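Here is data39.tsv, consisting of TSV, C-alpha atoms:
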chain	number	residue	atom	x	y	z
L	1	MET	CA	-53.93	-42.30	-38.28
L	2	SER	CA	-54.74	-39.05	-40.04
L	3	GLU	CA	-56.34	-37.76	-36.80
L	4	ASN	CA	-53.14	-38.60	-34.94
L	5	GLN	CA	-50.90	-36.72	-37.32
L	6	PRO	CA	-51.65	-33.17	-36.08
L	7	LEU	CA	-51.20	-34.46	-32.52
L	8	GLN	CA	-47.86	-35.96	-33.50
L	9	TYR	CA	-46.80	-32.63	-35.03
L	10	ARG	CA	-47.91	-30.82	-31.89
L	11	ILE	CA	-45.95	-33.23	-29.69
L	12	GLN	CA	-42.90	-32.81	-31.94
L	13	GLU	CA	-43.29	-29.04	-31.73
L	14	GLU	CA	-43.60	-29.16	-27.94
L	15	ILE	CA	-40.56	-31.42	-27.68
L	16	SER	CA	-38.49	-29.18	-29.90
L	17	GLU	CA	-39.53	-26.12	-27.84
L	18	LEU	CA	-38.67	-28.03	-24.66
L	19	ALA	CA	-35.30	-28.98	-26.14
L	20	ALA	CA	-34.64	-25.36	-27.07
L	21	SER	CA	-35.51	-24.20	-23.61
L	22	VAL	CA	-33.34	-26.92	-21.99
L	23	ASN	CA	-30.56	-25.83	-24.30
L	24	GLU	CA	-31.04	-22.22	-23.19
L	25	ILE	CA	-30.92	-23.26	-19.53
L	26	VAL	CA	-27.75	-25.30	-20.11
L	27	THR	CA	-26.12	-22.28	-21.84
L	28	LYS	CA	-27.20	-20.05	-18.96
L	29	PHE	CA	-25.76	-22.46	-16.39
L	30	ARG	CA	-22.54	-22.64	-18.39
L	31	ASP	CA	-22.39	-18.83	-18.31
L	32	LEU	CA	-22.97	-18.90	-14.56
L	33	GLN	CA	-20.33	-21.54	-13.94
L	34	ASN	CA	-17.37	-19.22	-14.51
L	35	PRO	CA	-18.45	-16.41	-12.17
L	36	LEU	CA	-19.33	-19.00	-9.53
L	37	LYS	CA	-15.96	-20.73	-9.90
L	38	GLU	CA	-14.13	-17.41	-9.78
L	39	SER	CA	-16.16	-16.30	-6.75
L	40	SER	CA	-15.42	-19.52	-4.89
L	41	GLU	CA	-11.70	-18.99	-5.58
L	42	LYS	CA	-11.83	-15.41	-4.33
L	43	VAL	CA	-13.41	-16.16	-0.96
L	44	PRO	CA	-10.41	-18.18	0.37
L	45	LYS	CA	-8.05	-15.56	-1.08
L	46	ALA	CA	-9.85	-12.76	0.79
L	47	THR	CA	-9.95	-14.87	3.98
L	48	LYS	CA	-6.23	-15.57	3.71
L	49	GLN	CA	-5.56	-11.85	3.20
L	50	LEU	CA	-7.61	-10.97	6.31
L	51	ASP	CA	-5.76	-13.60	8.38
L	52	LYS	CA	-2.47	-12.12	7.21
L	53	ILE	CA	-3.61	-8.62	8.25
L	54	SER	CA	-4.53	-9.89	11.69
L	55	GLU	CA	-1.15	-11.67	12.12
L	56	GLN	CA	0.89	-8.71	10.89
L	57	THR	CA	-1.02	-6.19	12.99
L	58	GLU	CA	-0.38	-8.34	16.04
L	59	ALA	CA	3.33	-8.69	15.25
L	60	ALA	CA	3.73	-4.93	14.68
L	61	THR	CA	1.87	-4.15	17.92
L	62	HIS	CA	4.13	-6.54	19.87
L	63	GLN	CA	7.18	-4.94	18.30
L	64	MET	CA	5.97	-1.51	19.39
L	65	LEU	CA	5.00	-2.63	22.89
L	66	ASP	CA	8.48	-4.14	23.40
L	67	ARG	CA	10.04	-0.81	22.45
L	68	VAL	CA	7.65	1.17	24.67
L	69	GLU	CA	8.61	-1.12	27.56
L	70	LYS	CA	12.28	-0.37	26.89
L	71	ILE	CA	11.60	3.37	26.70
L	72	VAL	CA	9.74	3.32	30.03
L	73	GLN	CA	12.66	1.44	31.60
L	74	GLN	CA	15.13	4.01	30.22
L	75	VAL	CA	13.05	6.87	31.64
L	76	GLU	CA	12.92	5.14	35.06
L	77	ASP	CA	16.73	4.71	34.97
L	78	SER	CA	17.14	8.33	33.92
L	79	LYS	CA	15.03	9.49	36.89
L	80	LYS	CA	17.28	7.49	39.22
L	81	GLY	CA	20.32	9.05	37.54
L	82	LEU	CA	18.92	12.55	38.08
L	83	ASP	CA	18.28	11.77	41.75
L	84	GLU	CA	21.91	10.66	42.05
L	85	ILE	CA	23.04	13.88	40.37
L	86	LYS	CA	21.08	15.86	43.01
L	87	VAL	CA	22.87	13.97	45.79
L	88	CYS	CA	26.27	14.45	44.12
L	89	THR	CA	25.58	18.17	43.69
L	90	LYS	CA	24.81	18.46	47.42
L	91	ASP	CA	28.03	16.59	48.27
L	92	GLY	CA	30.07	18.53	45.72
L	93	ARG	CA	31.22	15.38	43.86
L	94	THR	CA	31.70	17.00	40.45
L	95	ASP	CA	33.49	14.04	38.83
L	96	ASP	CA	30.56	11.76	39.64
L	97	ILE	CA	28.11	14.34	38.23
L	98	SER	CA	29.97	14.37	34.92
L	99	ALA	CA	29.93	10.55	34.68
L	100	LEU	CA	26.23	10.42	35.54
L	101	ALA	CA	25.45	13.11	32.96
L	102	ASP	CA	27.30	11.11	30.28
L	103	ASP	CA	25.28	8.05	31.24
L	104	LEU	CA	22.05	10.06	30.95
L	105	ILE	CA	23.01	11.37	27.51
L	106	GLU	CA	23.67	7.79	26.37
L	107	LYS	CA	20.29	6.69	27.75
L	108	ALA	CA	18.56	9.61	25.95
L	109	ASP	CA	20.15	8.48	22.65
L	110	ILE	CA	18.93	4.92	23.17
L	111	THR	CA	15.43	6.21	24.00
L	112	CYS	CA	15.45	8.35	20.87
L	113	ASN	CA	16.43	5.34	18.71
L	114	ASP	CA	13.69	3.24	20.31
L	115	ALA	CA	11.18	6.00	19.50
L	116	TYR	CA	12.36	5.94	15.86
L	117	THR	CA	11.88	2.17	15.78
L	118	ILE	CA	8.28	2.70	16.89
L	119	ILE	CA	7.81	5.29	14.15
L	120	ASP	CA	9.22	2.81	11.59
L	121	ALA	CA	6.89	0.08	12.88
L	122	LEU	CA	3.86	2.39	12.56
L	123	GLN	CA	4.09	1.90	8.81
L	124	PHE	CA	2.05	-1.25	9.43
L	125	GLN	CA	-1.01	1.00	9.19
L	126	ASP	CA	-0.28	1.76	5.53
L	127	ILE	CA	0.57	-1.85	4.68
L	128	THR	CA	-2.46	-3.35	6.42
L	129	SER	CA	-4.74	-0.72	4.91
L	130	GLN	CA	-3.51	-1.77	1.44
L	131	GLN	CA	-4.06	-5.42	2.32
L	132	MET	CA	-7.56	-4.62	3.58
L	133	ASN	CA	-8.37	-2.73	0.38
L	134	HIS	CA	-7.20	-5.78	-1.56
L	135	ALA	CA	-9.43	-8.09	0.50
L	136	ALA	CA	-12.35	-5.65	0.20
L	137	SER	CA	-11.96	-5.48	-3.58
L	138	LEU	CA	-12.03	-9.29	-3.77
L	139	LEU	CA	-15.23	-9.36	-1.70
L	140	GLU	CA	-16.78	-6.57	-3.80
L	141	ASP	CA	-15.95	-8.55	-6.92
L	142	ILE	CA	-17.73	-11.59	-5.48
L	143	GLU	CA	-20.76	-9.42	-4.68
L	144	VAL	CA	-20.87	-8.17	-8.29
L	145	ARG	CA	-20.65	-11.71	-9.66
L	146	LEU	CA	-23.28	-13.06	-7.32
L	147	GLN	CA	-25.62	-10.21	-8.23
L	148	SER	CA	-25.12	-10.89	-11.92
L	149	ILE	CA	-25.89	-14.59	-11.29
L	150	MET	CA	-29.07	-13.65	-9.40
L	151	GLY	CA	-30.03	-11.33	-12.26
L	152	ALA	CA	-29.42	-14.04	-14.85
L	153	LEU	CA	-31.48	-16.56	-12.88
L	154	LYS	CA	-34.35	-14.07	-12.72
L	155	GLY	CA	-33.98	-13.53	-16.46
L	156	GLN	CA	-33.05	-9.86	-15.99
L	157	PRO	CA	-30.52	-8.36	-18.41
L	158	SER	CA	-28.02	-6.01	-16.74
L	159	ASP	CA	-28.85	-4.24	-13.51
L	160	GLU	CA	-28.34	-0.52	-14.09
L	161	THR	CA	-28.74	0.43	-10.43
L	162	HIS	CA	-25.98	-2.07	-9.65
L	163	ASP	CA	-23.72	-0.42	-12.22
L	164	GLU	CA	-24.48	2.92	-10.56
L	165	LYS	CA	-23.59	1.41	-7.18
L	166	ARG	CA	-20.28	0.24	-8.63
L	167	ARG	CA	-19.55	3.73	-9.93
L	168	ASP	CA	-20.31	5.25	-6.51
L	169	ARG	CA	-17.99	2.82	-4.77
L	170	LYS	CA	-14.78	4.04	-3.21
L	171	THR	CA	-11.85	3.83	-5.60
L	172	ARG	CA	-9.54	1.27	-4.09
L	173	VAL	CA	-5.89	1.79	-4.91
L	174	TYR	CA	-3.49	-0.64	-3.36
L	175	ASP	CA	-0.37	-2.70	-3.88
L	176	PRO	CA	-1.69	-6.27	-3.96
L	177	HIS	CA	1.66	-7.59	-2.70
L	178	ALA	CA	2.02	-5.18	0.22
L	179	ASP	CA	3.58	-7.07	3.11
L	180	LEU	CA	4.99	-5.96	6.43
L	181	PHE	CA	7.64	-8.65	6.91
L	182	ASP	CA	7.92	-10.85	3.84
L	183	LYS	CA	10.00	-9.10	1.19
L	184	LYS	CA	11.01	-11.04	-1.89
L	185	THR	CA	13.90	-8.78	-2.80
L	186	ASP	CA	16.36	-6.99	-0.59
L	187	GLN	CA	17.07	-3.30	-1.04
L	188	LEU	CA	20.70	-3.86	-2.05
L	189	ALA	CA	19.65	-5.90	-5.10
L	190	ILE	CA	17.26	-3.13	-6.17
L	191	ASP	CA	19.93	-0.43	-5.69
L	192	ASP	CA	22.34	-2.53	-7.73
L	193	MET	CA	19.80	-2.84	-10.56
L	194	PHE	CA	19.33	0.95	-10.70
L	195	ALA	CA	23.06	1.60	-10.43
L	196	ARG	CA	23.76	-0.69	-13.41
L	197	LYS	CA	21.24	1.25	-15.47
L	198	GLY	CA	22.60	4.64	-14.37
F	1	MET	CA	17.77	27.86	2.72
F	2	ALA	CA	16.62	24.26	3.15
F	3	LEU	CA	16.26	22.07	0.07
F	4	LYS	CA	12.69	21.32	-0.96
F	5	ILE	CA	11.47	17.72	-1.33
F	6	MET	CA	8.07	16.70	-2.65
F	7	VAL	CA	6.43	13.64	-1.09
F	8	VAL	CA	3.63	12.05	-3.15
F	9	ASP	CA	1.52	9.29	-1.59
F	10	ASP	CA	-2.20	8.63	-1.17
F	11	SER	CA	-1.59	7.24	2.32
F	12	PRO	CA	-1.64	10.06	4.90
F	13	THR	CA	0.34	7.81	7.26
F	14	VAL	CA	3.20	7.43	4.78
F	15	VAL	CA	3.16	11.15	3.97
F	16	LYS	CA	3.37	11.97	7.68
F	17	PHE	CA	6.10	9.40	8.34
F	18	VAL	CA	8.26	10.45	5.38
F	19	SER	CA	7.73	14.18	6.06
F	20	PHE	CA	8.70	13.72	9.72
F	21	SER	CA	11.91	11.90	8.77
F	22	LEU	CA	12.86	14.48	6.13
F	23	LYS	CA	12.10	17.51	8.31
F	24	LYS	CA	14.20	16.03	11.14
F	25	SER	CA	17.08	15.92	8.65
F	26	GLY	CA	16.65	19.56	7.75
F	27	TYR	CA	14.70	19.40	4.50
F	28	ASP	CA	11.62	21.42	3.53
F	29	VAL	CA	8.70	19.18	2.58
F	30	ILE	CA	5.75	19.69	0.24
F	31	THR	CA	3.16	16.94	0.06
F	32	ALA	CA	0.71	15.72	-2.57
F	33	CYS	CA	-1.92	12.95	-2.43
F	34	ASP	CA	-1.53	11.72	-6.05
F	35	GLY	CA	0.26	12.39	-9.33
F	36	MET	CA	-2.18	15.06	-10.51
F	37	ASP	CA	-1.97	16.91	-7.21
F	38	ALA	CA	1.83	16.74	-7.40
F	39	ILE	CA	1.98	18.20	-10.92
F	40	GLU	CA	-0.41	20.99	-9.96
F	41	LYS	CA	1.60	21.87	-6.85
F	42	ILE	CA	4.98	21.67	-8.60
F	43	SER	CA	3.81	23.93	-11.43
F	44	ASN	CA	2.53	26.51	-8.94
F	45	LEU	CA	5.75	26.62	-6.93
F	46	SER	CA	7.89	29.71	-7.18
F	47	ASP	CA	11.13	27.82	-6.43
F	48	ASP	CA	12.47	24.46	-7.51
F	49	VAL	CA	11.82	21.06	-5.99
F	50	SER	CA	15.19	19.36	-5.43
F	51	LEU	CA	13.88	15.80	-5.20
F	52	VAL	CA	10.61	13.89	-5.54
F	53	ILE	CA	9.60	10.83	-3.51
F	54	THR	CA	6.60	9.06	-4.97
F	55	ASP	CA	4.38	6.04	-4.40
F	56	LEU	CA	3.32	3.97	-7.44
F	57	ASN	CA	-0.31	2.96	-6.96
F	58	MET	CA	-2.32	6.14	-6.53
F	59	PRO	CA	-5.69	7.38	-7.81
F	60	ASN	CA	-6.05	9.92	-10.67
F	61	LEU	CA	-2.43	9.72	-11.83
F	62	ASP	CA	-0.13	6.96	-10.58
F	63	GLY	CA	3.59	7.17	-9.85
F	64	TYR	CA	4.64	6.00	-13.33
F	65	GLY	CA	2.49	8.69	-14.94
F	66	LEU	CA	3.89	11.33	-12.64
F	67	ILE	CA	7.51	10.36	-13.39
F	68	GLU	CA	6.83	10.34	-17.15
F	69	ALA	CA	5.20	13.77	-16.93
F	70	LEU	CA	8.09	15.20	-14.93
F	71	ARG	CA	10.72	13.72	-17.24
F	72	GLN	CA	9.00	15.29	-20.25
F	73	ASN	CA	9.28	18.68	-18.59
F	74	GLN	CA	12.66	20.30	-19.25
F	75	GLN	CA	12.80	21.80	-15.76
F	76	HIS	CA	12.44	18.39	-14.09
F	77	ALA	CA	14.19	16.17	-16.62
F	78	ASP	CA	17.07	15.63	-14.18
F	79	THR	CA	15.31	16.00	-10.83
F	80	PRO	CA	16.07	12.91	-8.72
F	81	ILE	CA	12.94	10.81	-8.24
F	82	ILE	CA	12.75	8.06	-5.63
F	83	ILE	CA	9.97	5.50	-5.89
F	84	LEU	CA	8.57	4.32	-2.56
F	85	SER	CA	6.34	1.31	-3.07
F	86	SER	CA	5.16	-1.90	-1.41
F	87	GLU	CA	5.49	-3.60	-4.80
F	88	ASP	CA	8.83	-5.35	-4.99
F	89	GLY	CA	8.37	-7.42	-8.14
F	90	ASP	CA	10.86	-7.25	-11.02
F	91	ASP	CA	8.23	-5.81	-13.37
F	92	ASP	CA	7.51	-2.84	-11.15
F	93	ARG	CA	11.18	-2.02	-10.69
F	94	GLU	CA	11.95	-2.36	-14.37
F	95	ARG	CA	8.99	-0.19	-15.32
F	96	GLY	CA	10.08	2.34	-12.69
F	97	MET	CA	13.54	2.45	-14.21
F	98	ASP	CA	12.17	2.68	-17.75
F	99	VAL	CA	10.03	5.72	-16.98
F	100	GLY	CA	13.03	7.45	-15.43
F	101	ALA	CA	13.08	6.89	-11.67
F	102	SER	CA	16.44	7.43	-9.98
F	103	SER	CA	15.99	4.77	-7.31
F	104	TYR	CA	13.43	2.49	-5.73
F	105	LEU	CA	12.73	1.87	-2.04
F	106	VAL	CA	10.47	-0.92	-0.84
F	107	LYS	CA	7.89	-0.30	1.90
F	108	PRO	CA	8.05	-0.77	4.81
F	109	PHE	CA	11.42	0.96	5.10
F	110	LYS	CA	13.57	2.43	7.83
F	111	ALA	CA	13.71	6.22	8.11
F	112	SER	CA	17.52	6.00	8.18
F	113	VAL	CA	17.54	4.16	4.81
F	114	LEU	CA	15.35	6.84	3.25
F	115	ILE	CA	17.56	9.64	4.54
F	116	THR	CA	20.69	7.89	3.23
F	117	GLU	CA	19.05	7.52	-0.19
F	118	VAL	CA	17.98	11.18	-0.26
F	119	SER	CA	21.46	12.31	0.82
F	120	LYS	CA	22.96	10.44	-2.14
F	121	TYR	CA	21.32	12.96	-4.45
F	122	LEU	CA	21.27	16.12	-2.37
F	123	ASN	CA	24.60	16.24	-0.57
Please lay out the structure from this file as structure tokens.
Amino acid sequence: MSENQPLQYRIQEEISELAASVNEIVTKFRDLQNPLKESSEKVPKATKQLDKISEQTEAATHQMLDRVEKIVQQVEDSKKGLDEIKVCTKDGRTDDISALADDLIEKADITCNDAYTIIDALQFQDITSQQMNHAASLLEDIEVRLQSIMGALKGQPSDETHDEKRRDRKTRVYDPHADLFDKKTDQLAIDDMFARKG
Amino acid sequence: MALKIMVVDDSPTVVKFVSFSLKKSGYDVITACDGMDAIEKISNLSDDVSLVITDLNMPNLDGYGLIEALRQNQQHADTPIIILSSEDGDDDRERGMDVGASSYLVKPFKASVLITEVSKYLN
């Protein structure tokens, strides 16, 4: 019995060390649970954002192509009008020339407005670039969390080179709610709010 | 002499788009890529800026910071400032108003709407 006692103590000591180390592992896993959960939430968010960018870019491109098609048609009609003016000039039909010229001026105005619509639609570049920066920042955040998990699993404290990498990263400034088509508030309501204050 | 308008945005596309629309309407345009750049350029100008159009989210100094800085300066305490932002939440608009913005336009916007807004202050 007395010979067994030191062995018993040793076993107890081993068990208590094992318990401490299991406890440490459990704490570590608990610490890792949050970043993992947050990362898994951010992946679908980034994917959704990228899908939105793709849809909005497509819609803006279609909008512009429709306008370009209209502009090309207007130019074709204008060319026909100019040809008619040439014929009228030859025949000396001045009244017809005046009417054709008026028609051409009207067509030029429409073309100009269509060109402005294209310019307006080109703002999609700014909006999608903000959405892409948002998606990129979500993915970068996931990378940071996954690296910290890897570090923790390897028993490393904080990775300094990783912190340096983060510092060197491009500063991403964006409006997280930037959207090309879906506006929550209309401009009149905003103007009204400012007018009431003024 | 044409009235001078400062356009502050970190997106070169927006700066180009806004500048184009303003120049077509007869205004002179000065551009800046963030709040700090705007303050530096405004303080080095020999003549006054009649109106400022600014984005909100920008590096170095954001739109709120720029408006606060301008409002603290006696020379620009009453200069009309239009915020141009993709953020259309109540908080952003209220904060914009609190720091002293004159009005708030939501991106994307039509050039004609911007010109109408600018004309409200300059005509």
Which polymer residues have any atom within 8 Å of an atom of range 117-123 of chain F, counting only C-alpha atoms, with same-chain residues fewer than 2 positions away left out, as a PDB file with C-alpha atoms, keeping the file's coordinate frame?
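Listing of out-v3.pdb after writing:
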ATOM      1  CA  SER F  50      15.190  19.360  -5.430  1.00  0.00           C
ATOM      2  CA  LEU F  51      13.880  15.800  -5.200  1.00  0.00           C
ATOM      3  CA  PRO F  80      16.070  12.910  -8.720  1.00  0.00           C
ATOM      4  CA  VAL F 113      17.540   4.160   4.810  1.00  0.00           C
ATOM      5  CA  LEU F 114      15.350   6.840   3.250  1.00  0.00           C
ATOM      6  CA  ILE F 115      17.560   9.640   4.540  1.00  0.00           C
TER       7      ILE F 115
END
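Residues with any atom within 6 Å of Leu56 in chain F, counting all atoms listed in the file and excluding same-chain neighbours fewer than 2 positions away, are F:Asp62, F:Gly63, F:Ser85.
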Next item on the list: May I have the residues within 6 Å of range 31-35 of chain F as a PyMOL selection string, using all atoms listed in the file and disregarding those fewer than 3 positions away in the same chain?
Entry: chain F and resi 6-10+38+58+61-62+66
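Pairwise distance (CA of Ala111 in chain F, CA of Ile83 in chain F) equals 14.5 Å.
CA of Ile25 in chain L is found 18.3 Å from CA of Arg145 in chain L.
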Checklist line | Exercise answer, chain F residues close to chain L, 10 Å and all atoms listed in the file, as a VMD selection string | finding: chain F and resid 10 to 14 17 to 18 20 to 21 55 to 60 62 85 to 90 93 to 94 96 to 98 101 to 113 117
Quick one: write out the picked residues with C-alpha atoms as a PDB file, keeping the file's coordinate frame?
ATOM      1  CA  ASP F  10      -2.200   8.630  -1.170  1.00  0.00           C
ATOM      2  CA  SER F  11      -1.590   7.240   2.320  1.00  0.00           C
ATOM      3  CA  PRO F  12      -1.640  10.060   4.900  1.00  0.00           C
ATOM      4  CA  THR F  13       0.340   7.810   7.260  1.00  0.00           C
ATOM      5  CA  VAL F  14       3.200   7.430   4.780  1.00  0.00           C
ATOM      6  CA  PHE F  17       6.100   9.400   8.340  1.00  0.00           C
ATOM      7  CA  VAL F  18       8.260  10.450   5.380  1.00  0.00           C
ATOM      8  CA  PHE F  20       8.700  13.720   9.720  1.00  0.00           C
ATOM      9  CA  SER F  21      11.910  11.900   8.770  1.00  0.00           C
ATOM     10  CA  ASP F  55       4.380   6.040  -4.400  1.00  0.00           C
ATOM     11  CA  LEU F  56       3.320   3.970  -7.440  1.00  0.00           C
ATOM     12  CA  ASN F  57      -0.310   2.960  -6.960  1.00  0.00           C
ATOM     13  CA  MET F  58      -2.320   6.140  -6.530  1.00  0.00           C
ATOM     14  CA  PRO F  59      -5.690   7.380  -7.810  1.00  0.00           C
ATOM     15  CA  ASN F  60      -6.050   9.920 -10.670  1.00  0.00           C
ATOM     16  CA  ASP F  62      -0.130   6.960 -10.580  1.00  0.00           C
ATOM     17  CA  SER F  85       6.340   1.310  -3.070  1.00  0.00           C
ATOM     18  CA  SER F  86       5.160  -1.900  -1.410  1.00  0.00           C
ATOM     19  CA  GLU F  87       5.490  -3.600  -4.800  1.00  0.00           C
ATOM     20  CA  ASP F  88       8.830  -5.350  -4.990  1.00  0.00           C
ATOM     21  CA  GLY F  89       8.370  -7.420  -8.140  1.00  0.00           C
ATOM     22  CA  ASP F  90      10.860  -7.250 -11.020  1.00  0.00           C
ATOM     23  CA  ARG F  93      11.180  -2.020 -10.690  1.00  0.00           C
ATOM     24  CA  GLU F  94      11.950  -2.360 -14.370  1.00  0.00           C
ATOM     25  CA  GLY F  96      10.080   2.340 -12.690  1.00  0.00           C
ATOM     26  CA  MET F  97      13.540   2.450 -14.210  1.00  0.00           C
ATOM     27  CA  ASP F  98      12.170   2.680 -17.750  1.00  0.00           C
ATOM     28  CA  ALA F 101      13.080   6.890 -11.670  1.00  0.00           C
ATOM     29  CA  SER F 102      16.440   7.430  -9.980  1.00  0.00           C
ATOM     30  CA  SER F 103      15.990   4.770  -7.310  1.00  0.00           C
ATOM     31  CA  TYR F 104      13.430   2.490  -5.730  1.00  0.00           C
ATOM     32  CA  LEU F 105      12.730   1.870  -2.040  1.00  0.00           C
ATOM     33  CA  VAL F 106      10.470  -0.920  -0.840  1.00  0.00           C
ATOM     34  CA  LYS F 107       7.890  -0.300   1.900  1.00  0.00           C
ATOM     35  CA  PRO F 108       8.050  -0.770   4.810  1.00  0.00           C
ATOM     36  CA  PHE F 109      11.420   0.960   5.100  1.00  0.00           C
ATOM     37  CA  LYS F 110      13.570   2.430   7.830  1.00  0.00           C
ATOM     38  CA  ALA F 111      13.710   6.220   8.110  1.00  0.00           C
ATOM     39  CA  SER F 112      17.520   6.000   8.180  1.00  0.00           C
ATOM     40  CA  VAL F 113      17.540   4.160   4.810  1.00  0.00           C
ATOM     41  CA  GLU F 117      19.050   7.520  -0.190  1.00  0.00           C
TER      42      GLU F 117
END
Note to self: Quick check, in Å to one decimal: how far apart do CA of Leu70 in chain F and CA of Val29 in chain F lie?
What the structure shows: 18.0 Å
Next item on the list: Would you list the contacts of Leu139 in chain L as JSON, numbers by chain, taking every protein, DNA or RNA residue within 9 Å and counting all atoms listed in the file, but skipping same-chain residues closer than 5 positions in sequence?
Entry: {"L": [39, 42, 43, 46, 134, 144]}
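Proximity of L:Ile11, L:Val75, L:Leu36, L:Ala60 to Cys112 in chain L, computed with only C-alpha atoms, is greatest for L:Val75.
Nearest residue to Ile67 in chain F among F:Lys16, F:Lys24, F:Lys4, F:Arg95 is F:Arg95, counting only C-alpha atoms.
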Next item on the list: Extract, using only C-alpha atoms, all DNA, RNA and protein residues at most 12 Å from Phe29 in chain L, discarding same-chain residues fewer than 6 positions from it, and format them as a list of chain:residue names.
Entry: L:Val22, L:Asn23, L:Pro35, L:Leu36, L:Lys37, L:Ile149, L:Met150, L:Ala152, L:Leu153
Output C-alpha atoms for every residue in the selection just made, as a PDB file, in the coordinates of the input.
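Output file selection_4.pdb follows:
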ATOM      1  CA  VAL L  22     -33.340 -26.920 -21.990  1.00  0.00           C
ATOM      2  CA  ASN L  23     -30.560 -25.830 -24.300  1.00  0.00           C
ATOM      3  CA  PRO L  35     -18.450 -16.410 -12.170  1.00  0.00           C
ATOM      4  CA  LEU L  36     -19.330 -19.000  -9.530  1.00  0.00           C
ATOM      5  CA  LYS L  37     -15.960 -20.730  -9.900  1.00  0.00           C
ATOM      6  CA  ILE L 149     -25.890 -14.590 -11.290  1.00  0.00           C
ATOM      7  CA  MET L 150     -29.070 -13.650  -9.400  1.00  0.00           C
ATOM      8  CA  ALA L 152     -29.420 -14.040 -14.850  1.00  0.00           C
ATOM      9  CA  LEU L 153     -31.480 -16.560 -12.880  1.00  0.00           C
TER      10      LEU L 153
END
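When all atoms listed in the file are used to compute distances to Ile82 in chain F, the closest of the residues F:Val15, F:Ile5, F:Ala69, F:Ile42 turns out to be F:Ile5.
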As a compact mmCIF listing (two decimals), in the coordinates of the input, please: range 16-30 of chain L completed to N, CA and C atoms.
# COMPACT_ATOMS: atom_id res chain seq x y z
N SER L 16 -39.57 -30.03 -29.38
CA SER L 16 -38.49 -29.18 -29.90
C SER L 16 -38.40 -27.87 -29.12
N GLU L 17 -39.55 -27.34 -28.67
CA GLU L 17 -39.53 -26.12 -27.84
C GLU L 17 -38.88 -26.41 -26.49
N LEU L 18 -39.24 -27.60 -25.95
CA LEU L 18 -38.67 -28.03 -24.66
C LEU L 18 -37.15 -28.18 -24.78
N ALA L 19 -36.73 -28.78 -25.91
CA ALA L 19 -35.30 -28.98 -26.14
C ALA L 19 -34.59 -27.63 -26.23
N ALA L 20 -35.23 -26.69 -26.93
CA ALA L 20 -34.64 -25.36 -27.07
C ALA L 20 -34.50 -24.69 -25.71
N SER L 21 -35.56 -24.85 -24.91
CA SER L 21 -35.51 -24.20 -23.61
C SER L 21 -34.51 -24.87 -22.67
N VAL L 22 -34.37 -26.22 -22.78
CA VAL L 22 -33.34 -26.92 -21.99
C VAL L 22 -31.96 -26.44 -22.43
N ASN L 23 -31.82 -26.30 -23.74
CA ASN L 23 -30.56 -25.83 -24.30
C ASN L 23 -30.20 -24.44 -23.76
N GLU L 24 -31.23 -23.59 -23.69
CA GLU L 24 -31.04 -22.22 -23.19
C GLU L 24 -30.60 -22.25 -21.72
N ILE L 25 -31.26 -23.14 -20.95
CA ILE L 25 -30.92 -23.26 -19.53
C ILE L 25 -29.47 -23.75 -19.36
N VAL L 26 -29.12 -24.75 -20.20
CA VAL L 26 -27.75 -25.30 -20.11
C VAL L 26 -26.74 -24.18 -20.42
N THR L 27 -27.03 -23.38 -21.49
CA THR L 27 -26.12 -22.28 -21.84
C THR L 27 -26.02 -21.30 -20.68
N LYS L 28 -27.19 -20.99 -20.07
CA LYS L 28 -27.20 -20.05 -18.96
C LYS L 28 -26.37 -20.58 -17.79
N PHE L 29 -26.53 -21.87 -17.49
CA PHE L 29 -25.76 -22.46 -16.39
C PHE L 29 -24.27 -22.46 -16.70
N ARG L 30 -23.96 -22.67 -18.02
CA ARG L 30 -22.54 -22.64 -18.39
C ARG L 30 -21.98 -21.24 -18.15
